[in-house]
$ cat model-v2.pdb   # PDB, C-alpha atoms and all ligand atoms
ATOM      1  CA  MET A   1       0.000   0.000   0.000
ATOM      2  CA  ALA A   2       1.454   3.362  -1.057
ATOM      3  CA  GLU A   3       0.061   5.300   1.924
ATOM      4  CA  ALA A   4      -1.177   4.546   5.431
ATOM      5  CA  TYR A   5      -4.615   2.855   5.386
ATOM      6  CA  TYR A   6      -6.367   5.945   6.863
ATOM      7  CA  LYS A   7      -5.331   7.889   3.732
ATOM      8  CA  GLN A   8      -5.281   5.113   1.133
ATOM      9  CA  HIS A   9      -8.931   4.165   1.749
ATOM     10  CA  TRP A  10      -9.859   7.645   0.480
ATOM     11  CA  ILE A  11      -7.495   7.610  -2.497
ATOM     12  CA  GLU A  12      -8.993   4.347  -3.779
ATOM     13  CA  ILE A  13     -12.766   3.972  -3.421
ATOM     14  CA  GLU A  14     -14.528   1.113  -5.180
ATOM     15  CA  PRO A  15     -17.910   1.704  -6.951
ATOM     16  CA  GLU A  16     -20.070   0.200  -4.137
ATOM     17  CA  ARG A  17     -18.448   2.517  -1.614
ATOM     18  CA  HIS A  18     -19.021   5.521  -3.910
ATOM     19  CA  ALA A  19     -22.703   4.548  -4.070
ATOM     20  CA  ALA A  20     -22.816   4.291  -0.253
ATOM     21  CA  TYR A  21     -21.168   7.718   0.193
ATOM     22  CA  ASP A  22     -23.807   9.291  -2.040
ATOM     23  CA  GLN A  23     -26.289   8.139   0.620
ATOM     24  CA  ILE A  24     -24.163   8.681   3.724
ATOM     25  CA  LEU A  25     -22.990  12.162   2.695
ATOM     26  CA  ALA A  26     -26.198  13.450   1.090
ATOM     27  CA  PHE A  27     -27.188  16.899   2.343
ATOM     28  CA  HIS A  28     -30.152  16.897   4.707
ATOM     29  CA  PRO A  29     -31.850  19.956   6.320
ATOM     30  CA  ALA A  30     -31.047  18.430   9.751
ATOM     31  CA  MET A  31     -27.398  19.271   8.947
ATOM     32  CA  ASP A  32     -28.156  22.997   9.005
ATOM     33  CA  PRO A  33     -26.595  23.493  12.521
ATOM     34  CA  LEU A  34     -23.252  22.328  11.077
ATOM     35  CA  ILE A  35     -23.325  25.063   8.431
ATOM     36  CA  ARG A  36     -25.090  27.876  10.290
ATOM     37  CA  PRO A  37     -21.938  29.042  12.194
ATOM     38  CA  LEU A  38     -20.421  29.958   8.794
ATOM     39  CA  ASP A  39     -22.910  32.848   8.595
ATOM     40  CA  LEU A  40     -23.083  32.633   4.790
ATOM     41  CA  SER A  41     -24.414  35.378   2.548
ATOM     42  CA  PRO A  42     -24.481  36.037  -1.212
ATOM     43  CA  GLY A  43     -21.216  37.002  -2.851
ATOM     44  CA  GLN A  44     -18.819  35.216  -0.497
ATOM     45  CA  ARG A  45     -15.848  33.067  -1.576
ATOM     46  CA  VAL A  46     -16.000  29.753   0.318
ATOM     47  CA  LEU A  47     -13.572  26.823   0.570
ATOM     48  CA  ASP A  48     -14.944  23.329   1.358
ATOM     49  CA  VAL A  49     -11.931  21.353   2.633
ATOM     50  CA  GLY A  50     -12.393  17.634   1.829
ATOM     51  CA  SER A  51     -15.524  18.120  -0.264
ATOM     52  CA  GLY A  52     -16.170  14.392  -0.932
ATOM     53  CA  PRO A  53     -19.092  13.777  -3.330
ATOM     54  CA  GLY A  54     -19.922  17.498  -3.189
ATOM     55  CA  HIS A  55     -23.478  17.381  -1.824
ATOM     56  CA  THR A  56     -22.661  19.808   1.006
ATOM     57  CA  THR A  57     -20.517  21.916  -1.340
ATOM     58  CA  PHE A  58     -23.545  22.573  -3.564
ATOM     59  CA  GLU A  59     -25.630  23.539  -0.520
ATOM     60  CA  LEU A  60     -22.918  26.037   0.498
ATOM     61  CA  ALA A  61     -22.899  27.384  -3.078
ATOM     62  CA  ARG A  62     -26.679  27.821  -3.021
ATOM     63  CA  ARG A  63     -26.330  29.879   0.165
ATOM     64  CA  VAL A  64     -23.725  32.279  -1.328
ATOM     65  CA  SER A  65     -25.597  32.760  -4.626
ATOM     66  CA  PRO A  66     -25.824  35.051  -6.434
ATOM     67  CA  GLY A  67     -22.306  36.291  -6.847
ATOM     68  CA  GLY A  68     -20.567  33.802  -4.547
ATOM     69  CA  ARG A  69     -18.264  30.929  -5.402
ATOM     70  CA  VAL A  70     -17.433  27.685  -3.596
ATOM     71  CA  THR A  71     -14.216  25.742  -4.151
ATOM     72  CA  GLY A  72     -14.140  22.079  -3.143
ATOM     73  CA  VAL A  73     -10.819  20.299  -2.654
ATOM     74  CA  ASP A  74     -10.410  16.560  -2.100
ATOM     75  CA  ILE A  75      -7.818  13.797  -2.455
ATOM     76  CA  ASN A  76     -10.150  11.408  -4.322
ATOM     77  CA  ALA A  77     -10.098  11.848  -8.123
ATOM     78  CA  GLU A  78     -13.485  10.194  -8.641
ATOM     79  CA  PHE A  79     -15.196  12.456  -6.054
ATOM     80  CA  ILE A  80     -13.776  15.462  -7.919
ATOM     81  CA  ALA A  81     -14.878  14.110 -11.337
ATOM     82  CA  ARG A  82     -18.405  13.333 -10.043
ATOM     83  CA  SER A  83     -18.657  16.766  -8.397
ATOM     84  CA  LYS A  84     -17.623  18.504 -11.634
ATOM     85  CA  ALA A  85     -20.234  16.469 -13.551
ATOM     86  CA  ARG A  86     -22.934  17.306 -10.968
ATOM     87  CA  ALA A  87     -22.061  21.005 -11.138
ATOM     88  CA  ARG A  88     -23.852  21.118 -14.500
ATOM     89  CA  GLU A  89     -27.150  20.301 -12.724
ATOM     90  CA  HIS A  90     -26.772  23.165 -10.224
ATOM     91  CA  ALA A  91     -27.222  26.830 -11.151
ATOM     92  CA  VAL A  92     -24.442  27.936  -8.790
ATOM     93  CA  THR A  93     -20.740  28.750  -9.132
ATOM     94  CA  THR A  94     -18.364  26.012  -7.996
ATOM     95  CA  GLU A  95     -14.847  24.822  -8.718
ATOM     96  CA  PHE A  96     -13.359  21.444  -7.727
ATOM     97  CA  VAL A  97      -9.651  20.761  -7.254
ATOM     98  CA  GLN A  98      -7.998  17.408  -6.627
ATOM     99  CA  ALA A  99      -5.290  17.597  -3.964
ATOM    100  CA  GLY A 100      -4.156  15.832  -0.820
ATOM    101  CA  PHE A 101      -3.617  18.179   2.124
ATOM    102  CA  PRO A 102      -1.970  19.629   4.085
ATOM    103  CA  PRO A 103      -0.843  21.933   2.507
ATOM    104  CA  LEU A 104      -3.852  23.477   0.769
ATOM    105  CA  PRO A 105      -3.123  24.499  -2.849
ATOM    106  CA  PHE A 106      -4.472  28.076  -2.542
ATOM    107  CA  PRO A 107      -2.912  31.510  -1.936
ATOM    108  CA  ASP A 108      -2.958  33.242   1.458
ATOM    109  CA  ALA A 109      -6.138  35.114   2.409
ATOM    110  CA  SER A 110      -8.160  33.933  -0.612
ATOM    111  CA  PHE A 111     -11.479  32.891   1.045
ATOM    112  CA  ASP A 112     -14.159  34.671   3.124
ATOM    113  CA  ARG A 113     -15.326  31.394   4.670
ATOM    114  CA  VAL A 114     -13.468  28.093   5.192
ATOM    115  CA  PHE A 115     -15.417  24.924   6.041
ATOM    116  CA  CYS A 116     -14.303  21.372   6.808
ATOM    117  CA  LYS A 117     -16.728  18.554   7.675
ATOM    118  CA  ASN A 118     -15.721  15.047   8.834
ATOM    119  CA  VAL A 119     -12.253  15.177   7.292
ATOM    120  CA  LEU A 120      -9.721  16.127   9.981
ATOM    121  CA  GLU A 121      -9.803  12.659  11.555
ATOM    122  CA  TYR A 122      -8.160  11.256   8.379
ATOM    123  CA  VAL A 123      -5.322  13.671   7.583
ATOM    124  CA  ASP A 124      -1.638  13.184   8.472
ATOM    125  CA  SER A 125      -1.770  16.281  10.679
ATOM    126  CA  ALA A 126      -4.995  17.939  11.854
ATOM    127  CA  VAL A 127      -2.994  20.836  13.369
ATOM    128  CA  ASP A 128      -1.187  21.545  10.085
ATOM    129  CA  THR A 129      -4.461  21.291   8.138
ATOM    130  CA  VAL A 130      -6.294  23.753  10.417
ATOM    131  CA  ALA A 131      -3.226  26.052  10.229
ATOM    132  CA  GLU A 132      -3.585  25.906   6.435
ATOM    133  CA  MET A 133      -7.329  26.673   6.709
ATOM    134  CA  ALA A 134      -6.393  29.750   8.759
ATOM    135  CA  ARG A 135      -3.701  30.774   6.238
ATOM    136  CA  VAL A 136      -6.077  30.737   3.237
ATOM    137  CA  ALA A 137      -8.802  32.604   5.206
ATOM    138  CA  ALA A 138      -8.953  36.365   4.568
ATOM    139  CA  PRO A 139      -8.612  38.778   7.524
ATOM    140  CA  GLY A 140     -11.944  38.746   9.396
ATOM    141  CA  ALA A 141     -13.025  35.464   7.733
ATOM    142  CA  THR A 142     -14.903  32.709   9.579
ATOM    143  CA  VAL A 143     -13.418  29.194   9.782
ATOM    144  CA  VAL A 144     -15.637  26.239  10.792
ATOM    145  CA  ALA A 145     -14.688  22.603  11.326
ATOM    146  CA  THR A 146     -17.146  19.916  12.319
ATOM    147  CA  ASP A 147     -16.008  16.448  13.268
ATOM    148  CA  SER A 148     -16.881  13.304  15.167
ATOM    149  CA  ASP A 149     -15.349  12.108  18.386
ATOM    150  CA  TRP A 150     -15.111   8.354  17.826
ATOM    151  CA  ASP A 151     -14.221   7.683  21.464
ATOM    152  CA  MET A 152     -17.639   9.109  22.428
ATOM    153  CA  LEU A 153     -19.525   6.788  20.072
ATOM    154  CA  ALA A 154     -22.467   4.980  21.719
ATOM    155  CA  LEU A 155     -23.906   1.921  19.978
ATOM    156  CA  ASP A 156     -26.454  -0.430  21.466
ATOM    157  CA  ILE A 157     -27.594  -3.592  19.664
ATOM    158  CA  GLY A 158     -28.392  -5.503  22.846
ATOM    159  CA  GLU A 159     -26.156  -7.020  25.506
ATOM    160  CA  GLU A 160     -25.490 -10.134  23.399
ATOM    161  CA  GLY A 161     -23.883  -7.926  20.738
ATOM    162  CA  ARG A 162     -21.839  -5.770  23.078
ATOM    163  CA  GLU A 163     -18.518  -7.603  23.070
ATOM    164  CA  LEU A 164     -18.520  -8.064  19.299
ATOM    165  CA  SER A 165     -19.525  -4.418  18.725
ATOM    166  CA  ASP A 166     -16.637  -3.241  20.883
ATOM    167  CA  ARG A 167     -14.183  -5.416  18.953
ATOM    168  CA  VAL A 168     -15.487  -4.360  15.519
ATOM    169  CA  LEU A 169     -15.418  -0.649  16.389
ATOM    170  CA  THR A 170     -11.962  -0.836  17.993
ATOM    171  CA  ALA A 171     -10.598  -2.715  14.970
ATOM    172  CA  ALA A 172     -12.117  -0.225  12.506
ATOM    173  CA  LYS A 173     -10.781   2.786  14.406
ATOM    174  CA  SER A 174      -7.317   1.255  14.695
ATOM    175  CA  ILE A 175      -6.598   1.459  10.970
ATOM    176  CA  ALA A 176      -9.096   3.793   9.285
ATOM    177  CA  ILE A 177      -9.005   6.852  11.531
ATOM    178  CA  LYS A 178      -5.804   8.770  12.230
ATOM    179  CA  GLU A 179      -7.219  10.870  15.074
ATOM    180  CA  PRO A 180     -10.362   9.324  16.649
ATOM    181  CA  ARG A 181     -10.560  12.096  19.319
ATOM    182  CA  ILE A 182     -10.486  14.943  16.796
ATOM    183  CA  GLY A 183     -13.887  16.264  17.997
ATOM    184  CA  ARG A 184     -12.697  17.159  21.481
ATOM    185  CA  ARG A 185      -9.313  18.403  20.156
ATOM    186  CA  LEU A 186     -10.715  20.930  17.651
ATOM    187  CA  ARG A 187     -11.166  23.798  20.093
ATOM    188  CA  GLY A 188      -7.551  23.579  21.272
ATOM    189  CA  ILE A 189      -6.254  23.289  17.703
ATOM    190  CA  PHE A 190      -8.206  26.363  16.539
ATOM    191  CA  THR A 191      -6.736  28.372  19.410
ATOM    192  CA  LYS A 192      -3.222  27.004  18.824
ATOM    193  CA  VAL A 193      -3.153  28.125  15.161
ATOM    194  CA  GLY A 194      -4.183  31.669  16.139
ATOM    195  CA  LEU A 195      -7.894  31.699  15.321
ATOM    196  CA  THR A 196      -9.849  33.919  17.741
ATOM    197  CA  GLU A 197     -13.363  34.055  19.274
ATOM    198  CA  VAL A 198     -13.438  30.245  19.203
ATOM    199  CA  LYS A 199     -16.891  28.804  19.901
ATOM    200  CA  THR A 200     -17.724  25.104  20.369
ATOM    201  CA  GLU A 201     -21.032  23.281  20.113
ATOM    202  CA  VAL A 202     -21.687  19.552  20.380
ATOM    203  CA  LEU A 203     -24.558  17.946  18.495
ATOM    204  CA  ALA A 204     -25.526  14.427  19.459
ATOM    205  CA  GLY A 205     -28.650  13.244  17.681
ATOM    206  CA  ALA A 206     -29.636   9.625  18.290
ATOM    207  CA  ASP A 207     -30.215   7.339  15.303
ATOM    208  CA  VAL A 208     -32.877   4.881  16.450
ATOM    209  CA  VAL A 209     -34.173   3.874  13.002
ATOM    210  CA  GLY A 210     -30.959   2.709  11.300
ATOM    211  CA  ARG A 211     -30.002   5.734   9.180
ATOM    212  CA  SER A 212     -26.376   4.901  10.026
ATOM    213  CA  LEU A 213     -26.623   1.367   8.562
ATOM    214  CA  PRO A 214     -24.940   2.324   5.229
ATOM    215  CA  MET A 215     -22.009   3.768   7.191
ATOM    216  CA  LEU A 216     -21.772   0.736   9.487
ATOM    217  CA  THR A 217     -21.847  -1.559   6.444
ATOM    218  CA  ALA A 218     -19.739   0.298   3.854
ATOM    219  CA  SER A 219     -17.243   1.869   6.223
ATOM    220  CA  LEU A 220     -16.893   0.419   9.726
ATOM    221  CA  ALA A 221     -17.487  -3.293   8.975
ATOM    222  CA  ARG A 222     -15.184  -3.097   5.987
ATOM    223  CA  TYR A 223     -12.425  -1.310   7.923
ATOM    224  CA  ALA A 224     -12.717  -3.883  10.729
ATOM    225  CA  ARG A 225     -12.318  -6.726   8.204
ATOM    226  CA  ASP A 226      -9.373  -5.014   6.523
ATOM    227  CA  SER A 227      -7.656  -4.615   9.910
ATOM    228  CA  GLY A 228      -7.357  -8.401  10.167
ATOM    229  CA  LEU A 229      -8.368  -8.105  13.843
ATOM    230  CA  VAL A 230     -11.940  -9.311  13.189
ATOM    231  CA  GLY A 231     -12.833 -12.008  10.665
ATOM    232  CA  ALA A 232     -15.254 -11.704   7.722
ATOM    233  CA  GLU A 233     -17.640 -14.162   9.348
ATOM    234  CA  GLU A 234     -17.662 -12.120  12.574
ATOM    235  CA  THR A 235     -18.314  -8.796  10.834
ATOM    236  CA  ALA A 236     -21.160 -10.446   8.866
ATOM    237  CA  ARG A 237     -22.617 -11.755  12.167
ATOM    238  CA  TRP A 238     -22.270  -8.273  13.698
ATOM    239  CA  LEU A 239     -24.131  -6.657  10.769
ATOM    240  CA  LYS A 240     -26.930  -9.227  11.146
ATOM    241  CA  MET A 241     -27.228  -8.299  14.844
ATOM    242  CA  VAL A 242     -27.315  -4.594  13.885
ATOM    243  CA  GLU A 243     -30.100  -5.261  11.357
ATOM    244  CA  ALA A 244     -32.016  -7.377  13.896
ATOM    245  CA  ALA A 245     -31.817  -4.566  16.479
ATOM    246  CA  ILE A 246     -33.061  -2.059  13.890
ATOM    247  CA  GLY A 247     -35.956  -4.421  13.046
ATOM    248  CA  ALA A 248     -36.760  -4.912  16.746
ATOM    249  CA  ARG A 249     -36.587  -1.118  17.366
ATOM    250  CA  THR A 250     -33.948  -1.570  20.068
ATOM    251  CA  PHE A 251     -31.108  -0.047  18.009
ATOM    252  CA  LEU A 252     -29.298   3.101  19.152
ATOM    253  CA  PHE A 253     -26.344   4.865  17.525
ATOM    254  CA  VAL A 254     -24.959   8.224  18.677
ATOM    255  CA  LEU A 255     -21.790   9.777  17.233
ATOM    256  CA  PRO A 256     -21.367  13.285  18.682
ATOM    257  CA  GLN A 257     -20.361  16.008  16.227
ATOM    258  CA  PHE A 258     -18.252  18.874  17.513
ATOM    259  CA  VAL A 259     -18.851  22.116  15.606
ATOM    260  CA  VAL A 260     -16.069  24.623  16.157
ATOM    261  CA  ARG A 261     -15.962  28.154  14.762
ATOM    262  CA  GLY A 262     -13.088  30.631  14.853
ATOM    263  CA  MET A 263     -12.268  33.991  13.290
ATOM    264  CA  LYS A 264      -9.163  35.027  11.371
ATOM    265  CA  LYS A 265      -7.738  38.171  12.969
ATOM    266  CA  MET A 266      -8.115  41.401  11.023
ATOM    267  CA  SER A 267      -4.786  42.687   9.717
ATOM    268  CA  PRO A 268      -2.970  44.889  12.307
TER     269      PRO A 268
HETATM  270  C1  LIG A 301     -16.157  11.474   5.449
HETATM  271  S1  LIG A 301     -15.747  12.218   3.933
HETATM  272  C2  LIG A 301     -16.489  13.833   4.146
HETATM  273  C3  LIG A 301     -16.784  14.525   2.824
HETATM  274  C4  LIG A 301     -17.523  15.855   2.931
HETATM  275  N1  LIG A 301     -16.813  16.821   3.749
HETATM  276  C5  LIG A 301     -18.915  15.656   3.477
HETATM  277  O1  LIG A 301     -19.116  15.781   4.672
HETATM  278  O2  LIG A 301     -19.799  15.332   2.669
HETATM  279  C6  LIG A 301     -14.030  12.578   4.125
HETATM  280  C7  LIG A 301     -13.408  13.235   2.895
HETATM  281  O3  LIG A 301     -12.083  13.667   3.193
HETATM  282  C8  LIG A 301     -11.257  13.392   2.068
HETATM  283  N2  LIG A 301      -9.877  13.275   2.561
HETATM  284  C9  LIG A 301      -9.437  12.436   3.518
HETATM  285  N3  LIG A 301      -8.108  12.610   3.720
HETATM  286  C10 LIG A 301      -7.700  13.590   2.862
HETATM  287  C11 LIG A 301      -6.438  14.222   2.603
HETATM  288  N4  LIG A 301      -5.332  13.909   3.251
HETATM  289  N5  LIG A 301      -6.397  15.184   1.654
HETATM  290  C12 LIG A 301      -7.522  15.535   0.971
HETATM  291  N6  LIG A 301      -8.747  14.977   1.180
HETATM  292  C13 LIG A 301      -8.829  14.011   2.117
HETATM  293  C14 LIG A 301     -11.820  12.098   1.522
HETATM  294  O4  LIG A 301     -11.443  11.841   0.198
HETATM  295  C15 LIG A 301     -13.321  12.297   1.708
HETATM  296  O5  LIG A 301     -13.908  12.894   0.594
END

$ encode --input "model-v2.pdb" --output "structure tokens"
Amino acid sequence: MAEAYYKQHWIEIEPERHAAYDQILAFHPAMDPLIRPLDLSPGQRVLDVGSGPGHTTFELARRVSPGGRVTGVDINAEFIARSKARAREHAVTTEFVQAGFPPLPFPDASFDRVFCKNVLEYVDSAVDTVAEMARVAAPGATVVATDSDWDMLALDIGEEGRELSDRVLTAAKSIAIKEPRIGRRLRGIFTKVGLTEVKTEVLAGADVVGRSLPMLTASLARYARDSGLVGAEETARWLKMVEAAIGARTFLFVLPQFVVRGMKKMSP
């Protein structure tokens, strides 16, 4: 493998996983609290750091239209190609750039708003990436990062599934996520890189109907298998227990999202 697993699994994404991400990362109005701290208005230049399939990028672009422009940047070539193709269906101004970061391939002070959602857990250095987000933000710009804290994840599929759940989740985290505690670390990182007026919110909606099943199937079960710490038969058994709990209405999944906002200082 050319890169560490936590990076490589984003460079190479097979077609079934692309299909799953279109579901998992679709924009939904319930995600509004993640975007609201950006305080978007028409005409702004926005950067979406790790734009993935682009569904959130297009929502950002809608909110800065007319006159605004959103740039998405991502390491995965297919995400960028699909986003460019989708741009034709949206009457908004977007641009998509393929690049691994850090560093970010943009000049200093070139954006009014910088946004990053569920990406910083995967990069080689979250501190260097947030420092880059601050560098490309214009004086007075708002920077927002929202990310999970995987060590605060709560999953219940019944007591009989507890031990296996713990093993599957630990195995998945061990290879696929560089920084599982990124949620709780964001506030300190924002302050460290010189962003000011840092505000933190934690959103922790409970999935009790199985909306997270595509993520558990396409991401976590697969990562656990790839780790070699849990066998294919065991991950299949775990997914069956998850599905049974969803069917029995006893399922619970909570993955808290930290939403952190900071401001780039005005020039002295
Ligand atoms: C969970 S997805 C989130 C996508 C998007 N922000 C969203 O919420 O819809 C994580 C994204 O980060 C990108 N990514 C991960 N590591 C990266 C890196 N080192 N450089 C650039 N992009 C990266 C992946 O390709 C993927 O699109």

$ residues_near_ligand --input "model-v2.pdb" --ligand "ligand LIG 301 (chain A)" --cutoff "7 Å" --atoms "only C-alpha atoms and all ligand atoms" --output "number ranges by chain"
A: 7, 10-11, 25-26, 49-56, 73-76, 79, 99-102, 116-119, 122-124

$ resolve_selection --input "model-v2.pdb" --expression "the PyMOL selection byres (((chain A and resi 167) around 12) and not hetatm)" --output "ChimeraX atom specification"
/A:161-166,168-174,220-221,223-225,227-231,234-235,238

$ axis_aligned_box --input "model-v2.pdb" --around "region 89-95 of chain A" --padding-each-side "5 Å" --output "JSON"
{"center_x": -21.0, "center_y": 24.5, "center_z": -10.4, "size_x": 22.4, "size_y": 18.4, "size_z": 14.7}

$ atom_distance --input "model-v2.pdb" --atom1 "CA of Leu40 (chain A)" --atom2 "CA of Gln257 (chain A)"
20.4 Å

$ atom_distance --input "model-v2.pdb" --atom1 "CA of Phe58 (chain A)" --atom2 "CA of Asp128 (chain A)"
26.2 Å

$ atom_distance --input "model-v2.pdb" --atom1 "CA of Ala2 (chain A)" --atom2 "CA of Asp149 (chain A)"
27.1 Å

$ closest_residue --input "model-v2.pdb" --among "A:Thr146, A:Val127, A:Ala236, A:Met215" --to "Gly194 (chain A)" --atoms "all atoms listed in the file"
A:Val127

$ residues_around --input "model-v2.pdb" --residues "Thr93 (chain A)" --least-positions-apart "4" --cutoff "8 Å" --atoms "all atoms listed in the file" --output "VMD selection string"
chain A and resid 61 65 68 to 70
